[in-house]
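*Asks:* This is the structure I have questions about; it appears just below.
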Amino acid sequence: MELDVELLSAAESGQPGARAYFWDGPWVSLGRFQRPDRVFQNGLTAHWVARPTGGRAVQHGQDICLSVAVPLPSESSLRSLGPIYESLTSPILAAFQTIEIDAVIANDVKAPSGSESADCFSLRTGYDVTDRSTGKKLGGCALRVTHHGALLQSSFPFGPMDSQIRGYVGVFTPFDAQAVAEEFGAAVERVLSIGLSERTF
């Protein structure tokens with residue numbers, strides 16, 4: 001998470017960046033407004049970390065995380081959340097489409113599977129990434145917008161995971177995560193016209 005915070009800090013200074021990463025074992029990331037005692041069932045025993053972005057809890061371990069951060073202009077007309085989400089998710093969609101998964105933005109909202117659920121995948125928001133052919137949620141996205149930059153964090157599960165998250169859904173779609181990681185960097189440079197250094201990707 002500290003590296004994603006550094007991505008946002010660099011973007012605020014005018015340097016865009018992106019990274020793809022995997023987790024070493026099972027971890028849970030919490031949205032910046034979540035409390036552990038309201039997320040975990042049967043007490044707190046899971047390894048967890050707080051994200052700089054909002055949203056619900058995400059189980060990690062059999063997923064790939066894709067993050068991208070860009071500078072933002074001060075003009076209010078260019079700081080609307082919808083266009084920022086669409087812009088920063090565009091290289092993610094492109095990466096999945098290269099491995100023949102027709103990823104699109106959901107553009108709708110489905111109710112959570114349970115009112116007590118703290119799991120990101122219990123709710124599909126209008127900016128989540130879904131499979132056009134099935135309507136299934138592929139991954140969750142969370143955004144942080146500051147005065148001078150924006151950070152998008154996303155997680156895409158590709159295998160089954162056990163979890164202590166309250167109301168955990170366990171949705172995943174098998175795919176070649178390494179291929180997505182490789183395509184993501186190229187897609188960021190191509191779609192967003194961003195030059196990435198090895199330091200940031």
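Following the order of the structure tokens, first chain is A, next is B, and so on, with residues numbered from 1 inside each chain and ligands from 1 in the order they appear.
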Extract, using only C-alpha atoms, all DNA, RNA and protein residues at most 9 Å from Ala142 (chain A), discarding same-chain residues fewer than 3 positions from it, and format them as a VMD selection string.

*Replies:* chain A and resid 31 53 to 56 85 127 to 128 151 to 154

*Asks:* So that I have them on file, write out the residues from the current selection with N, CA and C atoms, as a tab-separated table (two decimals), in the first residue's frame.

*Replies:*
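out.tsv, freshly written:
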```tsv
chain	number	residue	atom	x	y	z
A	31	GLY	N	-11.02	-0.48	2.98
A	31	GLY	CA	-11.22	0.88	2.49
A	31	GLY	C	-10.84	1.87	3.58
A	53	THR	N	-7.50	4.43	-0.76
A	53	THR	CA	-8.78	4.65	-1.42
A	53	THR	C	-9.92	4.14	-0.54
A	54	GLY	N	-11.13	4.44	-0.94
A	54	GLY	CA	-12.29	4.00	-0.17
A	54	GLY	C	-12.78	2.63	-0.62
A	55	GLY	N	-14.08	2.41	-0.44
A	55	GLY	CA	-14.67	1.14	-0.83
A	55	GLY	C	-14.69	0.13	0.29
A	56	ARG	N	-15.11	-1.10	-0.06
A	56	ARG	CA	-15.24	-2.18	0.92
A	56	ARG	C	-13.98	-3.04	0.97
A	85	TYR	N	-12.76	8.05	-13.50
A	85	TYR	CA	-12.87	6.59	-13.45
A	85	TYR	C	-12.73	5.97	-14.84
A	127	TYR	N	-18.92	1.65	-11.60
A	127	TYR	CA	-17.57	1.78	-12.12
A	127	TYR	C	-16.74	0.52	-11.93
A	128	ASP	N	-17.37	-0.57	-11.54
A	128	ASP	CA	-16.65	-1.84	-11.46
A	128	ASP	C	-16.45	-2.41	-12.85
A	151	LEU	N	-5.68	8.54	-7.84
A	151	LEU	CA	-5.17	7.18	-7.76
A	151	LEU	C	-6.32	6.21	-7.90
A	152	LEU	N	-6.20	5.26	-8.83
A	152	LEU	CA	-7.16	4.17	-8.96
A	152	LEU	C	-6.48	2.88	-8.51
A	153	GLN	N	-7.12	2.17	-7.56
A	153	GLN	CA	-6.65	0.85	-7.15
A	153	GLN	C	-7.70	-0.17	-7.57
A	154	SER	N	-7.25	-1.33	-8.01
A	154	SER	CA	-8.20	-2.36	-8.44
A	154	SER	C	-7.66	-3.74	-8.10
```

*Asks:* Any idea what's packed within 12 Å of Glu12 (chain A), counting only C-alpha atoms, ignoring anything in its chain fewer than 3 positions away? Could you give it as a tab-separated table (two decimals) with N, CA and C atoms, in the first residue's frame?

*Replies:*
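Full text of selection-v3.tsv as output:
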```tsv
chain	number	residue	atom	x	y	z
A	5	VAL	N	0.63	4.68	-2.32
A	5	VAL	CA	0.63	6.04	-1.76
A	5	VAL	C	1.72	6.87	-2.43
A	6	GLU	N	2.87	6.24	-2.66
A	6	GLU	CA	3.96	6.94	-3.35
A	6	GLU	C	3.58	7.27	-4.79
A	7	LEU	N	2.83	6.36	-5.44
A	7	LEU	CA	2.35	6.65	-6.79
A	7	LEU	C	1.50	7.92	-6.81
A	8	LEU	N	0.59	8.03	-5.84
A	8	LEU	CA	-0.28	9.20	-5.76
A	8	LEU	C	0.53	10.45	-5.48
A	9	SER	N	1.49	10.35	-4.56
A	9	SER	CA	2.32	11.50	-4.23
A	9	SER	C	3.10	11.98	-5.44
A	15	GLN	N	4.16	13.55	-11.91
A	15	GLN	CA	4.70	12.33	-12.50
A	15	GLN	C	3.68	11.20	-12.45
A	16	PRO	N	3.07	10.81	-13.57
A	16	PRO	CA	2.13	9.69	-13.56
A	16	PRO	C	2.86	8.38	-13.37
A	17	GLY	N	2.14	7.36	-12.95
A	17	GLY	CA	2.76	6.05	-12.77
A	17	GLY	C	1.71	4.96	-12.65
A	69	ALA	N	-1.91	6.12	-11.27
A	69	ALA	CA	-2.07	7.45	-10.69
A	69	ALA	C	-1.65	8.49	-11.72
A	70	VAL	N	-2.40	9.58	-11.79
A	70	VAL	CA	-2.13	10.63	-12.76
A	70	VAL	C	-2.29	12.00	-12.11
A	71	PRO	N	-1.56	13.00	-12.61
A	71	PRO	CA	-1.79	14.37	-12.16
A	71	PRO	C	-3.17	14.84	-12.62
A	72	LEU	N	-3.75	15.77	-11.87
A	72	LEU	CA	-5.05	16.34	-12.26
A	72	LEU	C	-4.93	17.84	-12.39
A	73	PRO	N	-5.56	18.40	-13.41
A	73	PRO	CA	-5.58	19.86	-13.53
A	73	PRO	C	-6.50	20.46	-12.48
A	74	SER	N	-6.32	21.73	-12.24
A	74	SER	CA	-7.12	22.40	-11.21
A	74	SER	C	-8.52	22.77	-11.69
A	144	ARG	N	-9.16	7.54	-5.36
A	144	ARG	CA	-8.84	8.63	-4.43
A	144	ARG	C	-8.46	9.84	-5.27
A	145	VAL	N	-9.17	10.93	-5.07
A	145	VAL	CA	-8.90	12.17	-5.80
A	145	VAL	C	-8.48	13.24	-4.81
A	146	THR	N	-7.33	13.85	-5.06
A	146	THR	CA	-6.84	14.94	-4.22
A	146	THR	C	-6.82	16.23	-5.05
A	147	HIS	N	-6.27	17.28	-4.49
A	147	HIS	CA	-6.25	18.56	-5.20
A	147	HIS	C	-5.44	18.48	-6.50
A	148	HIS	N	-4.41	17.63	-6.52
A	148	HIS	CA	-3.51	17.64	-7.67
A	148	HIS	C	-3.32	16.29	-8.33
A	149	GLY	N	-4.02	15.25	-7.88
A	149	GLY	CA	-3.81	13.94	-8.48
A	149	GLY	C	-4.95	12.99	-8.21
A	150	ALA	N	-4.91	11.84	-8.89
A	150	ALA	CA	-5.91	10.79	-8.70
A	150	ALA	C	-5.22	9.43	-8.71
A	151	LEU	N	-5.68	8.54	-7.84
A	151	LEU	CA	-5.17	7.18	-7.76
A	151	LEU	C	-6.32	6.21	-7.90
```

*Asks:* As an exercise, work out the distance from CA of Val68 (chain A) to CA of Ala18 (chain A) in Å and give it to one decimal place.

*Replies:*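 Spanning CA of Val68 (chain A) to CA of Ala18 (chain A) is a straight-line distance of 4.1 Å.
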
*Asks:* At what distance in Å, to one decimal, does CA of Gln178 (chain A) lie from CA of Val191 (chain A)?

*Replies:*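 Interatomic distance here is 19.6 Å.
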
*Asks:* Pro26 (chain A): which residues within 10 Å, counting only C-alpha atoms, same-chain residues fewer than 6 positions away excluded, as a list in words?

*Replies:* Ala46, His47, Trp48, Gln59, His60, Gly61, Gln62, Asp63, Met161, Asp162 and Ser163 of chain A

*Asks:* For the atom pair CA of Ile99 (chain A) and CA of Ala177 (chain A), what is the interatomic distance in Å to one decimal place?

*Replies:*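 Computing the Euclidean distance for CA of Ile99 (chain A) and CA of Ala177 (chain A) yields 9.7 Å.
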